[in-house]
$ cat run_18.pdb   # PDB, N, CA, C and O atoms
ATOM      1  N   MET Q  25     -13.881  -4.619  -1.456
ATOM      2  CA  MET Q  25     -14.483  -4.911  -2.736
ATOM      3  C   MET Q  25     -13.410  -4.755  -3.809
ATOM      4  O   MET Q  25     -12.724  -3.754  -3.873
ATOM      5  N   THR Q  26     -13.248  -5.752  -4.640
ATOM      6  CA  THR Q  26     -12.261  -5.696  -5.708
ATOM      7  C   THR Q  26     -12.907  -5.304  -7.018
ATOM      8  O   THR Q  26     -14.047  -5.641  -7.283
ATOM      9  N   HIS Q  27     -12.130  -4.600  -7.797
ATOM     10  CA  HIS Q  27     -12.599  -4.148  -9.105
ATOM     11  C   HIS Q  27     -12.511  -5.312 -10.080
ATOM     12  O   HIS Q  27     -11.473  -5.936 -10.222
ATOM     13  N   GLN Q  28     -13.589  -5.606 -10.736
ATOM     14  CA  GLN Q  28     -13.604  -6.636 -11.777
ATOM     15  C   GLN Q  28     -13.455  -5.933 -13.119
ATOM     16  O   GLN Q  28     -14.180  -4.992 -13.407
ATOM     17  N   PRO Q  29     -12.481  -6.380 -13.910
ATOM     18  CA  PRO Q  29     -12.274  -5.704 -15.198
ATOM     19  C   PRO Q  29     -13.471  -5.896 -16.114
ATOM     20  O   PRO Q  29     -14.067  -6.961 -16.158
ATOM     21  N   SER Q  30     -13.799  -4.828 -16.801
ATOM     22  CA  SER Q  30     -14.854  -4.934 -17.806
ATOM     23  C   SER Q  30     -14.296  -5.666 -19.012
ATOM     24  O   SER Q  30     -13.088  -5.841 -19.155
ATOM     25  N   SER Q  31     -15.169  -6.077 -19.896
ATOM     26  CA  SER Q  31     -14.698  -6.793 -21.087
ATOM     27  C   SER Q  31     -13.792  -5.907 -21.927
ATOM     28  O   SER Q  31     -12.831  -6.372 -22.531
ATOM     29  N   SER Q  32     -14.040  -4.602 -21.963
ATOM     30  CA  SER Q  32     -13.178  -3.709 -22.747
ATOM     31  C   SER Q  32     -11.794  -3.596 -22.116
ATOM     32  O   SER Q  32     -10.795  -3.509 -22.814
ATOM     33  N   GLU Q  33     -11.707  -3.599 -20.786
ATOM     34  CA  GLU Q  33     -10.406  -3.559 -20.131
ATOM     35  C   GLU Q  33      -9.622  -4.836 -20.428
ATOM     36  O   GLU Q  33      -8.424  -4.799 -20.647
ATOM     37  N   LYS Q  34     -10.307  -5.960 -20.425
ATOM     38  CA  LYS Q  34      -9.639  -7.222 -20.705
ATOM     39  C   LYS Q  34      -9.106  -7.255 -22.135
ATOM     40  O   LYS Q  34      -8.041  -7.779 -22.385
ATOM     41  N   ILE Q  35      -9.838  -6.670 -23.045
ATOM     42  CA  ILE Q  35      -9.417  -6.677 -24.449
ATOM     43  C   ILE Q  35      -8.249  -5.723 -24.655
ATOM     44  O   ILE Q  35      -7.282  -6.043 -25.326
ATOM     45  N   LEU Q  36      -8.313  -4.535 -24.063
ATOM     46  CA  LEU Q  36      -7.302  -3.518 -24.296
ATOM     47  C   LEU Q  36      -5.992  -3.795 -23.572
ATOM     48  O   LEU Q  36      -4.939  -3.368 -24.013
ATOM     49  N   LEU Q  37      -6.055  -4.481 -22.444
ATOM     50  CA  LEU Q  37      -4.858  -4.682 -21.655
ATOM     51  C   LEU Q  37      -4.501  -6.156 -21.551
ATOM     52  O   LEU Q  37      -5.316  -6.954 -21.115
ATOM     53  N   PRO Q  38      -3.286  -6.512 -21.943
ATOM     54  CA  PRO Q  38      -2.873  -7.886 -21.713
ATOM     55  C   PRO Q  38      -2.772  -8.145 -20.212
ATOM     56  O   PRO Q  38      -2.711  -7.203 -19.423
ATOM     57  N   GLY Q  39      -2.733  -9.398 -19.813
ATOM     58  CA  GLY Q  39      -2.754  -9.767 -18.400
ATOM     59  C   GLY Q  39      -1.754  -9.028 -17.546
ATOM     60  O   GLY Q  39      -2.094  -8.464 -16.517
ATOM     61  N   SER Q  40      -0.498  -9.004 -17.945
ATOM     62  CA  SER Q  40       0.519  -8.359 -17.118
ATOM     63  C   SER Q  40       0.314  -6.846 -17.045
ATOM     64  O   SER Q  40       0.562  -6.233 -16.017
ATOM     65  N   ALA Q  41      -0.148  -6.224 -18.129
ATOM     66  CA  ALA Q  41      -0.405  -4.785 -18.112
ATOM     67  C   ALA Q  41      -1.574  -4.473 -17.194
ATOM     68  O   ALA Q  41      -1.549  -3.493 -16.449
ATOM     69  N   TYR Q  42      -2.601  -5.312 -17.236
ATOM     70  CA  TYR Q  42      -3.750  -5.097 -16.345
ATOM     71  C   TYR Q  42      -3.329  -5.269 -14.897
ATOM     72  O   TYR Q  42      -3.699  -4.468 -14.042
ATOM     73  N   ASP Q  43      -2.537  -6.300 -14.612
ATOM     74  CA  ASP Q  43      -2.062  -6.524 -13.246
ATOM     75  C   ASP Q  43      -1.238  -5.345 -12.754
ATOM     76  O   ASP Q  43      -1.378  -4.905 -11.621
ATOM     77  N   SER Q  44      -0.383  -4.824 -13.618
ATOM     78  CA  SER Q  44       0.449  -3.686 -13.257
ATOM     79  C   SER Q  44      -0.408  -2.450 -12.965
ATOM     80  O   SER Q  44      -0.175  -1.741 -11.989
ATOM     81  N   LEU Q  45      -1.393  -2.206 -13.803
ATOM     82  CA  LEU Q  45      -2.299  -1.079 -13.597
ATOM     83  C   LEU Q  45      -3.042  -1.226 -12.273
ATOM     84  O   LEU Q  45      -3.176  -0.276 -11.506
ATOM     85  N   ARG Q  46      -3.512  -2.436 -12.014
ATOM     86  CA  ARG Q  46      -4.241  -2.711 -10.776
ATOM     87  C   ARG Q  46      -3.344  -2.493  -9.555
ATOM     88  O   ARG Q  46      -3.761  -1.883  -8.576
ATOM     89  N   LYS Q  47      -2.099  -2.944  -9.620
ATOM     90  CA  LYS Q  47      -1.161  -2.752  -8.516
ATOM     91  C   LYS Q  47      -0.890  -1.267  -8.298
ATOM     92  O   LYS Q  47      -0.832  -0.798  -7.160
ATOM     93  N   ASN Q  48      -0.719  -0.518  -9.399
ATOM     94  CA  ASN Q  48      -0.494   0.924  -9.270
ATOM     95  C   ASN Q  48      -1.682   1.617  -8.628
ATOM     96  O   ASN Q  48      -1.512   2.529  -7.819
ATOM     97  N   LYS Q  49      -2.890   1.197  -8.993
ATOM     98  CA  LYS Q  49      -4.091   1.784  -8.386
ATOM     99  C   LYS Q  49      -4.143   1.488  -6.894
ATOM    100  O   LYS Q  49      -4.498   2.347  -6.092
ATOM    101  N   LEU Q  50      -3.774   0.261  -6.520
ATOM    102  CA  LEU Q  50      -3.763  -0.106  -5.105
ATOM    103  C   LEU Q  50      -2.727   0.704  -4.331
ATOM    104  O   LEU Q  50      -3.007   1.212  -3.244
ATOM    105  N   LEU Q  51      -1.528   0.837  -4.900
ATOM    106  CA  LEU Q  51      -0.492   1.635  -4.251
ATOM    107  C   LEU Q  51      -0.942   3.090  -4.109
ATOM    108  O   LEU Q  51      -0.711   3.727  -3.083
ATOM    109  N   HIS Q  52      -1.572   3.607  -5.146
ATOM    110  CA  HIS Q  52      -2.068   4.984  -5.110
ATOM    111  C   HIS Q  52      -3.140   5.144  -4.027
ATOM    112  O   HIS Q  52      -3.131   6.111  -3.256
ATOM    113  N   SER Q  53      -4.042   4.184  -3.935
ATOM    114  CA  SER Q  53      -5.096   4.233  -2.910
ATOM    115  C   SER Q  53      -4.506   4.173  -1.504
ATOM    116  O   SER Q  53      -4.918   4.929  -0.617
ATOM    117  N   LEU Q  54      -3.537   3.293  -1.305
ATOM    118  CA  LEU Q  54      -2.885   3.212   0.004
ATOM    119  C   LEU Q  54      -2.171   4.516   0.342
ATOM    120  O   LEU Q  54      -2.233   4.997   1.474
ATOM    121  N   SER Q  55      -1.508   5.071  -0.643
ATOM    122  CA  SER Q  55      -0.811   6.328  -0.441
ATOM    123  C   SER Q  55      -1.785   7.444  -0.052
ATOM    124  O   SER Q  55      -1.501   8.247   0.841
ATOM    125  N   ASN Q  56      -2.936   7.471  -0.695
ATOM    126  CA  ASN Q  56      -3.951   8.478  -0.378
ATOM    127  C   ASN Q  56      -4.494   8.320   1.038
ATOM    128  O   ASN Q  56      -4.841   9.304   1.684
ATOM    129  N   LYS Q  57      -4.588   7.089   1.515
ATOM    130  CA  LYS Q  57      -5.067   6.849   2.878
ATOM    131  C   LYS Q  57      -4.002   7.201   3.905
ATOM    132  O   LYS Q  57      -4.295   7.612   5.018
ATOM    133  N   LEU Q  58      -2.746   7.045   3.530
ATOM    134  CA  LEU Q  58      -1.638   7.284   4.437
ATOM    135  C   LEU Q  58      -1.309   8.766   4.596
ATOM    136  O   LEU Q  58      -0.907   9.209   5.676
ATOM    137  N   LEU Q  59      -1.485   9.526   3.550
ATOM    138  CA  LEU Q  59      -1.112  10.944   3.562
ATOM    139  C   LEU Q  59      -1.715  11.734   4.727
ATOM    140  O   LEU Q  59      -0.986  12.439   5.435
ATOM    141  N   PRO Q  60      -3.028  11.624   4.990
ATOM    142  CA  PRO Q  60      -3.565  12.406   6.112
ATOM    143  C   PRO Q  60      -2.993  11.979   7.466
ATOM    144  O   PRO Q  60      -2.842  12.817   8.357
ATOM    145  N   ILE Q  61      -2.630  10.714   7.599
ATOM    146  CA  ILE Q  61      -2.047  10.254   8.864
ATOM    147  C   ILE Q  61      -0.685  10.915   9.067
ATOM    148  O   ILE Q  61      -0.381  11.406  10.159
ATOM    149  N   VAL Q  62       0.122  10.951   8.013
ATOM    150  CA  VAL Q  62       1.436  11.584   8.091
ATOM    151  C   VAL Q  62       1.274  13.077   8.378
ATOM    152  O   VAL Q  62       1.893  13.617   9.305
ATOM    153  N   VAL Q  63       0.447  13.743   7.620
ATOM    154  CA  VAL Q  63       0.303  15.203   7.729
ATOM    155  C   VAL Q  63      -0.320  15.622   9.066
ATOM    156  O   VAL Q  63       0.224  16.484   9.772
ATOM    157  N   PHE Q  64      -1.432  14.999   9.421
ATOM    158  CA  PHE Q  64      -2.123  15.442  10.638
ATOM    159  C   PHE Q  64      -1.392  15.033  11.912
ATOM    160  O   PHE Q  64      -1.455  15.739  12.919
ATOM    161  N   SER Q  65      -0.663  13.913  11.875
ATOM    162  CA  SER Q  65       0.119  13.561  13.063
ATOM    163  C   SER Q  65       1.275  14.558  13.236
ATOM    164  O   SER Q  65       1.619  14.923  14.364
ATOM    165  N   GLU Q  66       1.846  15.003  12.125
ATOM    166  CA  GLU Q  66       2.900  16.017  12.215
ATOM    167  C   GLU Q  66       2.356  17.342  12.747
ATOM    168  O   GLU Q  66       2.971  17.975  13.610
ATOM    169  N   LEU Q  67       1.195  17.745  12.266
ATOM    170  CA  LEU Q  67       0.576  18.985  12.769
ATOM    171  C   LEU Q  67       0.245  18.866  14.251
ATOM    172  O   LEU Q  67       0.477  19.805  15.027
ATOM    173  N   ALA Q  68      -0.277  17.723  14.653
ATOM    174  CA  ALA Q  68      -0.610  17.514  16.056
ATOM    175  C   ALA Q  68       0.643  17.540  16.921
ATOM    176  O   ALA Q  68       0.629  18.101  18.035
ATOM    177  N   LEU Q  69       1.732  16.970  16.422
ATOM    178  CA  LEU Q  69       2.996  16.992  17.164
ATOM    179  C   LEU Q  69       3.485  18.415  17.393
ATOM    180  O   LEU Q  69       3.990  18.741  18.472
ATOM    181  N   ARG Q  70       3.342  19.249  16.386
ATOM    182  CA  ARG Q  70       3.800  20.639  16.513
ATOM    183  C   ARG Q  70       3.019  21.402  17.584
ATOM    184  O   ARG Q  70       3.562  22.287  18.239
ATOM    185  N   ARG Q  71       1.751  21.065  17.743
ATOM    186  CA  ARG Q  71       0.894  21.802  18.669
ATOM    187  C   ARG Q  71       0.805  21.171  20.056
ATOM    188  O   ARG Q  71       0.319  21.793  20.986
ATOM    189  N   CYS Q  72       1.257  19.938  20.164
ATOM    190  CA  CYS Q  72       1.065  19.176  21.391
ATOM    191  C   CYS Q  72       1.994  19.656  22.505
ATOM    192  O   CYS Q  72       3.193  19.831  22.303
ATOM    193  N   GLU Q  73       1.425  19.835  23.687
ATOM    194  CA  GLU Q  73       2.206  20.219  24.851
ATOM    195  C   GLU Q  73       2.256  19.105  25.891
ATOM    196  O   GLU Q  73       3.080  19.138  26.795
ATOM    197  N   ASP Q  74       1.391  18.122  25.760
ATOM    198  CA  ASP Q  74       1.337  16.981  26.682
ATOM    199  C   ASP Q  74       2.402  15.953  26.266
ATOM    200  O   ASP Q  74       2.343  15.409  25.167
ATOM    201  N   GLU Q  75       3.376  15.705  27.142
ATOM    202  CA  GLU Q  75       4.503  14.829  26.801
ATOM    203  C   GLU Q  75       4.080  13.387  26.530
ATOM    204  O   GLU Q  75       4.603  12.750  25.620
ATOM    205  N   GLN Q  76       3.141  12.860  27.301
ATOM    206  CA  GLN Q  76       2.690  11.484  27.080
ATOM    207  C   GLN Q  76       1.996  11.358  25.720
ATOM    208  O   GLN Q  76       2.255  10.435  24.957
ATOM    209  N   LEU Q  77       1.134  12.317  25.421
ATOM    210  CA  LEU Q  77       0.443  12.320  24.136
ATOM    211  C   LEU Q  77       1.439  12.519  22.995
ATOM    212  O   LEU Q  77       1.339  11.893  21.938
ATOM    213  N   LYS Q  78       2.436  13.364  23.223
ATOM    214  CA  LYS Q  78       3.446  13.626  22.204
ATOM    215  C   LYS Q  78       4.202  12.343  21.844
ATOM    216  O   LYS Q  78       4.474  12.084  20.667
ATOM    217  N   GLN Q  79       4.522  11.531  22.838
ATOM    218  CA  GLN Q  79       5.211  10.265  22.584
ATOM    219  C   GLN Q  79       4.349   9.341  21.731
ATOM    220  O   GLN Q  79       4.847   8.670  20.812
ATOM    221  N   GLN Q  80       3.068   9.308  22.011
ATOM    222  CA  GLN Q  80       2.157   8.466  21.230
ATOM    223  C   GLN Q  80       2.037   8.982  19.798
ATOM    224  O   GLN Q  80       2.033   8.199  18.841
ATOM    225  N   LEU Q  81       1.952  10.295  19.640
ATOM    226  CA  LEU Q  81       1.888  10.885  18.309
ATOM    227  C   LEU Q  81       3.167  10.624  17.513
ATOM    228  O   LEU Q  81       3.116  10.399  16.306
ATOM    229  N   GLU Q  82       4.308  10.649  18.198
ATOM    230  CA  GLU Q  82       5.573  10.354  17.531
ATOM    231  C   GLU Q  82       5.594   8.923  16.999
ATOM    232  O   GLU Q  82       6.105   8.660  15.911
ATOM    233  N   LYS Q  83       5.027   7.996  17.754
ATOM    234  CA  LYS Q  83       4.944   6.605  17.304
ATOM    235  C   LYS Q  83       4.044   6.492  16.082
ATOM    236  O   LYS Q  83       4.372   5.800  15.112
ATOM    237  N   ILE Q  84       2.909   7.171  16.121
ATOM    238  CA  ILE Q  84       1.983   7.157  14.980
ATOM    239  C   ILE Q  84       2.653   7.755  13.750
ATOM    240  O   ILE Q  84       2.627   7.183  12.661
ATOM    241  N   HIS Q  85       3.267   8.902  13.935
ATOM    242  CA  HIS Q  85       3.910   9.595  12.816
ATOM    243  C   HIS Q  85       5.067   8.764  12.258
ATOM    244  O   HIS Q  85       5.217   8.630  11.031
ATOM    245  N   GLY Q  86       5.874   8.192  13.133
ATOM    246  CA  GLY Q  86       7.002   7.375  12.688
ATOM    247  C   GLY Q  86       6.544   6.152  11.901
ATOM    248  O   GLY Q  86       7.121   5.822  10.861
ATOM    249  N   ALA Q  87       5.500   5.482  12.392
ATOM    250  CA  ALA Q  87       4.980   4.303  11.690
ATOM    251  C   ALA Q  87       4.402   4.695  10.333
ATOM    252  O   ALA Q  87       4.593   3.979   9.338
ATOM    253  N   ALA Q  88       3.731   5.829  10.271
ATOM    254  CA  ALA Q  88       3.162   6.288   8.999
ATOM    255  C   ALA Q  88       4.267   6.622   7.998
ATOM    256  O   ALA Q  88       4.157   6.306   6.811
ATOM    257  N   GLU Q  89       5.343   7.244   8.474
ATOM    258  CA  GLU Q  89       6.460   7.545   7.573
ATOM    259  C   GLU Q  89       7.133   6.263   7.084
ATOM    260  O   GLU Q  89       7.524   6.169   5.920
ATOM    261  N   GLN Q  90       7.257   5.265   7.960
ATOM    262  CA  GLN Q  90       7.841   3.985   7.549
ATOM    263  C   GLN Q  90       6.954   3.311   6.497
ATOM    264  O   GLN Q  90       7.461   2.754   5.521
ATOM    265  N   ALA Q  91       5.651   3.367   6.707
ATOM    266  CA  ALA Q  91       4.729   2.775   5.735
ATOM    267  C   ALA Q  91       4.835   3.497   4.392
ATOM    268  O   ALA Q  91       4.826   2.860   3.332
ATOM    269  N   ARG Q  92       4.978   4.802   4.435
ATOM    270  CA  ARG Q  92       5.153   5.583   3.203
ATOM    271  C   ARG Q  92       6.438   5.173   2.486
ATOM    272  O   ARG Q  92       6.457   4.997   1.270
ATOM    273  N   ASP Q  93       7.509   4.966   3.248
ATOM    274  CA  ASP Q  93       8.779   4.538   2.660
ATOM    275  C   ASP Q  93       8.657   3.158   2.012
ATOM    276  O   ASP Q  93       9.243   2.903   0.957
ATOM    277  N   ILE Q  94       7.886   2.275   2.635
ATOM    278  CA  ILE Q  94       7.661   0.945   2.071
ATOM    279  C   ILE Q  94       6.917   1.050   0.740
ATOM    280  O   ILE Q  94       7.252   0.372  -0.228
ATOM    281  N   LEU Q  95       5.915   1.930   0.679
ATOM    282  CA  LEU Q  95       5.187   2.127  -0.582
ATOM    283  C   LEU Q  95       6.118   2.626  -1.679
ATOM    284  O   LEU Q  95       6.050   2.173  -2.823
ATOM    285  N   VAL Q  96       7.005   3.545  -1.332
ATOM    286  CA  VAL Q  96       7.967   4.063  -2.308
ATOM    287  C   VAL Q  96       8.872   2.932  -2.785
ATOM    288  O   VAL Q  96       9.155   2.804  -3.983
ATOM    289  N   GLU Q  97       9.292   2.082  -1.869
ATOM    290  CA  GLU Q  97      10.151   0.954  -2.233
ATOM    291  C   GLU Q  97       9.410  -0.031  -3.140
ATOM    292  O   GLU Q  97       9.970  -0.531  -4.115
ATOM    293  N   ILE Q  98       8.163  -0.302  -2.832
ATOM    294  CA  ILE Q  98       7.366  -1.205  -3.671
ATOM    295  C   ILE Q  98       7.212  -0.633  -5.079
ATOM    296  O   ILE Q  98       7.351  -1.348  -6.071
ATOM    297  N   ARG Q  99       6.950   0.679  -5.169
ATOM    298  CA  ARG Q  99       6.857   1.308  -6.492
ATOM    299  C   ARG Q  99       8.156   1.150  -7.268
ATOM    300  O   ARG Q  99       8.141   0.896  -8.468
ATOM    301  N   GLY Q 100       9.286   1.292  -6.578
ATOM    302  CA  GLY Q 100      10.580   1.132  -7.222
ATOM    303  C   GLY Q 100      10.800  -0.281  -7.707
ATOM    304  O   GLY Q 100      11.365  -0.503  -8.778
ATOM    305  N   LEU Q 101      10.345  -1.249  -6.942
ATOM    306  CA  LEU Q 101      10.472  -2.647  -7.361
ATOM    307  C   LEU Q 101       9.660  -2.907  -8.624
ATOM    308  O   LEU Q 101      10.087  -3.645  -9.500
ATOM    309  N   GLN Q 102       8.487  -2.311  -8.696
ATOM    310  CA  GLN Q 102       7.630  -2.514  -9.857
ATOM    311  C   GLN Q 102       8.265  -1.972 -11.119
ATOM    312  O   GLN Q 102       8.161  -2.575 -12.181
ATOM    313  N   THR Q 103       8.911  -0.827 -11.031
ATOM    314  CA  THR Q 103       9.484  -0.222 -12.229
ATOM    315  C   THR Q 103      10.758  -0.930 -12.668
ATOM    316  O   THR Q 103      11.122  -0.872 -13.826
ATOM    317  N   SER Q 104      11.405  -1.629 -11.730
ATOM    318  CA  SER Q 104      12.658  -2.310 -12.084
ATOM    319  C   SER Q 104      12.426  -3.713 -12.638
ATOM    320  O   SER Q 104      13.344  -4.325 -13.139
ATOM    321  N   ILE Q 105      11.202  -4.206 -12.550
ATOM    322  CA  ILE Q 105      10.904  -5.571 -13.034
ATOM    323  C   ILE Q 105      10.586  -5.539 -14.507
ATOM    324  O   ILE Q 105      10.063  -4.693 -15.070
TER     325      ILE Q 105
END

$ encode --input "run_18.pdb" --output "structure tokens"
Amino acid sequence: MTHQPSSSEKILLPGSAYDSLRKNKLLHSLSNKLLPIVVFSELALRRCEDEQLKQQLEKIHGAAEQARDILVEIRGLQTSI
């Protein structure tokens, strides 16, 4: 579900400012969804004694960290434009 700007948001924010705000909200939401994956996969790795499961957790944790790095890079691109 996408957020539709209210008439007051449209008046207060020019198009590019609204788009930027919307992108920041999306990045923030993605970051919030990613954080528990990074944290809990790391905690599970620390406690895991099963080698096969540990390998799978390492893949999950590594992919989550890469996704986090991509979000950081996207944020940097936004501020440099």

$ residues_near_point --input "run_18.pdb" --point "(-2.1, 11.4, 9.5)" --cutoff "12 Å" --atoms "only C-alpha atoms" --output "list in words"
Ser55, Asn56, Lys57, Leu58, Leu59, Pro60, Ile61, Val62, Val63, Phe64, Ser65, Glu66, Leu67, Ala68, Leu69, Leu81, Glu82, Lys83, Ile84, His85, Gly86, Ala87, Ala88, Glu89, Ala91 and Arg92 of chain Q

$ write_last_selection --input "run_18.pdb" --atoms "N, CA, C and O atoms" --output "mmCIF file, in the coordinates of the input"
data_model
loop_
_atom_site.group_PDB
_atom_site.id
_atom_site.type_symbol
_atom_site.label_atom_id
_atom_site.label_comp_id
_atom_site.auth_asym_id
_atom_site.auth_seq_id
_atom_site.Cartn_x
_atom_site.Cartn_y
_atom_site.Cartn_z
ATOM 1 N N SER Q 55 -1.508 5.071 -0.643
ATOM 2 C CA SER Q 55 -0.811 6.328 -0.441
ATOM 3 C C SER Q 55 -1.785 7.444 -0.052
ATOM 4 O O SER Q 55 -1.501 8.247 0.841
ATOM 5 N N ASN Q 56 -2.936 7.471 -0.695
ATOM 6 C CA ASN Q 56 -3.951 8.478 -0.378
ATOM 7 C C ASN Q 56 -4.494 8.320 1.038
ATOM 8 O O ASN Q 56 -4.841 9.304 1.684
ATOM 9 N N LYS Q 57 -4.588 7.089 1.515
ATOM 10 C CA LYS Q 57 -5.067 6.849 2.878
ATOM 11 C C LYS Q 57 -4.002 7.201 3.905
ATOM 12 O O LYS Q 57 -4.295 7.612 5.018
ATOM 13 N N LEU Q 58 -2.746 7.045 3.530
ATOM 14 C CA LEU Q 58 -1.638 7.284 4.437
ATOM 15 C C LEU Q 58 -1.309 8.766 4.596
ATOM 16 O O LEU Q 58 -0.907 9.209 5.676
ATOM 17 N N LEU Q 59 -1.485 9.526 3.550
ATOM 18 C CA LEU Q 59 -1.112 10.944 3.562
ATOM 19 C C LEU Q 59 -1.715 11.734 4.727
ATOM 20 O O LEU Q 59 -0.986 12.439 5.435
ATOM 21 N N PRO Q 60 -3.028 11.624 4.990
ATOM 22 C CA PRO Q 60 -3.565 12.406 6.112
ATOM 23 C C PRO Q 60 -2.993 11.979 7.466
ATOM 24 O O PRO Q 60 -2.842 12.817 8.357
ATOM 25 N N ILE Q 61 -2.630 10.714 7.599
ATOM 26 C CA ILE Q 61 -2.047 10.254 8.864
ATOM 27 C C ILE Q 61 -0.685 10.915 9.067
ATOM 28 O O ILE Q 61 -0.381 11.406 10.159
ATOM 29 N N VAL Q 62 0.122 10.951 8.013
ATOM 30 C CA VAL Q 62 1.436 11.584 8.091
ATOM 31 C C VAL Q 62 1.274 13.077 8.378
ATOM 32 O O VAL Q 62 1.893 13.617 9.305
ATOM 33 N N VAL Q 63 0.447 13.743 7.620
ATOM 34 C CA VAL Q 63 0.303 15.203 7.729
ATOM 35 C C VAL Q 63 -0.320 15.622 9.066
ATOM 36 O O VAL Q 63 0.224 16.484 9.772
ATOM 37 N N PHE Q 64 -1.432 14.999 9.421
ATOM 38 C CA PHE Q 64 -2.123 15.442 10.638
ATOM 39 C C PHE Q 64 -1.392 15.033 11.912
ATOM 40 O O PHE Q 64 -1.455 15.739 12.919
ATOM 41 N N SER Q 65 -0.663 13.913 11.875
ATOM 42 C CA SER Q 65 0.119 13.561 13.063
ATOM 43 C C SER Q 65 1.275 14.558 13.236
ATOM 44 O O SER Q 65 1.619 14.923 14.364
ATOM 45 N N GLU Q 66 1.846 15.003 12.125
ATOM 46 C CA GLU Q 66 2.900 16.017 12.215
ATOM 47 C C GLU Q 66 2.356 17.342 12.747
ATOM 48 O O GLU Q 66 2.971 17.975 13.610
ATOM 49 N N LEU Q 67 1.195 17.745 12.266
ATOM 50 C CA LEU Q 67 0.576 18.985 12.769
ATOM 51 C C LEU Q 67 0.245 18.866 14.251
ATOM 52 O O LEU Q 67 0.477 19.805 15.027
ATOM 53 N N ALA Q 68 -0.277 17.723 14.653
ATOM 54 C CA ALA Q 68 -0.610 17.514 16.056
ATOM 55 C C ALA Q 68 0.643 17.540 16.921
ATOM 56 O O ALA Q 68 0.629 18.101 18.035
ATOM 57 N N LEU Q 69 1.732 16.970 16.422
ATOM 58 C CA LEU Q 69 2.996 16.992 17.164
ATOM 59 C C LEU Q 69 3.485 18.415 17.393
ATOM 60 O O LEU Q 69 3.990 18.741 18.472
ATOM 61 N N LEU Q 81 1.952 10.295 19.640
ATOM 62 C CA LEU Q 81 1.888 10.885 18.309
ATOM 63 C C LEU Q 81 3.167 10.624 17.513
ATOM 64 O O LEU Q 81 3.116 10.399 16.306
ATOM 65 N N GLU Q 82 4.308 10.649 18.198
ATOM 66 C CA GLU Q 82 5.573 10.354 17.531
ATOM 67 C C GLU Q 82 5.594 8.923 16.999
ATOM 68 O O GLU Q 82 6.105 8.660 15.911
ATOM 69 N N LYS Q 83 5.027 7.996 17.754
ATOM 70 C CA LYS Q 83 4.944 6.605 17.304
ATOM 71 C C LYS Q 83 4.044 6.492 16.082
ATOM 72 O O LYS Q 83 4.372 5.800 15.112
ATOM 73 N N ILE Q 84 2.909 7.171 16.121
ATOM 74 C CA ILE Q 84 1.983 7.157 14.980
ATOM 75 C C ILE Q 84 2.653 7.755 13.750
ATOM 76 O O ILE Q 84 2.627 7.183 12.661
ATOM 77 N N HIS Q 85 3.267 8.902 13.935
ATOM 78 C CA HIS Q 85 3.910 9.595 12.816
ATOM 79 C C HIS Q 85 5.067 8.764 12.258
ATOM 80 O O HIS Q 85 5.217 8.630 11.031
ATOM 81 N N GLY Q 86 5.874 8.192 13.133
ATOM 82 C CA GLY Q 86 7.002 7.375 12.688
ATOM 83 C C GLY Q 86 6.544 6.152 11.901
ATOM 84 O O GLY Q 86 7.121 5.822 10.861
ATOM 85 N N ALA Q 87 5.500 5.482 12.392
ATOM 86 C CA ALA Q 87 4.980 4.303 11.690
ATOM 87 C C ALA Q 87 4.402 4.695 10.333
ATOM 88 O O ALA Q 87 4.593 3.979 9.338
ATOM 89 N N ALA Q 88 3.731 5.829 10.271
ATOM 90 C CA ALA Q 88 3.162 6.288 8.999
ATOM 91 C C ALA Q 88 4.267 6.622 7.998
ATOM 92 O O ALA Q 88 4.157 6.306 6.811
ATOM 93 N N GLU Q 89 5.343 7.244 8.474
ATOM 94 C CA GLU Q 89 6.460 7.545 7.573
ATOM 95 C C GLU Q 89 7.133 6.263 7.084
ATOM 96 O O GLU Q 89 7.524 6.169 5.920
ATOM 97 N N ALA Q 91 5.651 3.367 6.707
ATOM 98 C CA ALA Q 91 4.729 2.775 5.735
ATOM 99 C C ALA Q 91 4.835 3.497 4.392
ATOM 100 O O ALA Q 91 4.826 2.860 3.332
ATOM 101 N N ARG Q 92 4.978 4.802 4.435
ATOM 102 C CA ARG Q 92 5.153 5.583 3.203
ATOM 103 C C ARG Q 92 6.438 5.173 2.486
ATOM 104 O O ARG Q 92 6.457 4.997 1.270
#

$ atom_distance --input "run_18.pdb" --atom1 "atom O of Q:Arg99" --atom2 "atom C of Q:Leu45"
12.0 Å

$ atom_distance --input "run_18.pdb" --atom1 "atom N of Q:Val96" --atom2 "atom CA of Q:Gln79"
24.9 Å

$ axis_aligned_box --input "run_18.pdb" --around "stretch 57-62 of chain Q" --padding-each-side "8 Å" --output "AutoDock Vina command-line options"
--center_x -1.6 --center_y 10.2 --center_z 5.8 --size_x 23.0 --size_y 22.8 --size_z 24.6

$ atom_distance --input "run_18.pdb" --atom1 "atom O of Q:Leu95" --atom2 "atom O of Q:Asp43"
13.5 Å
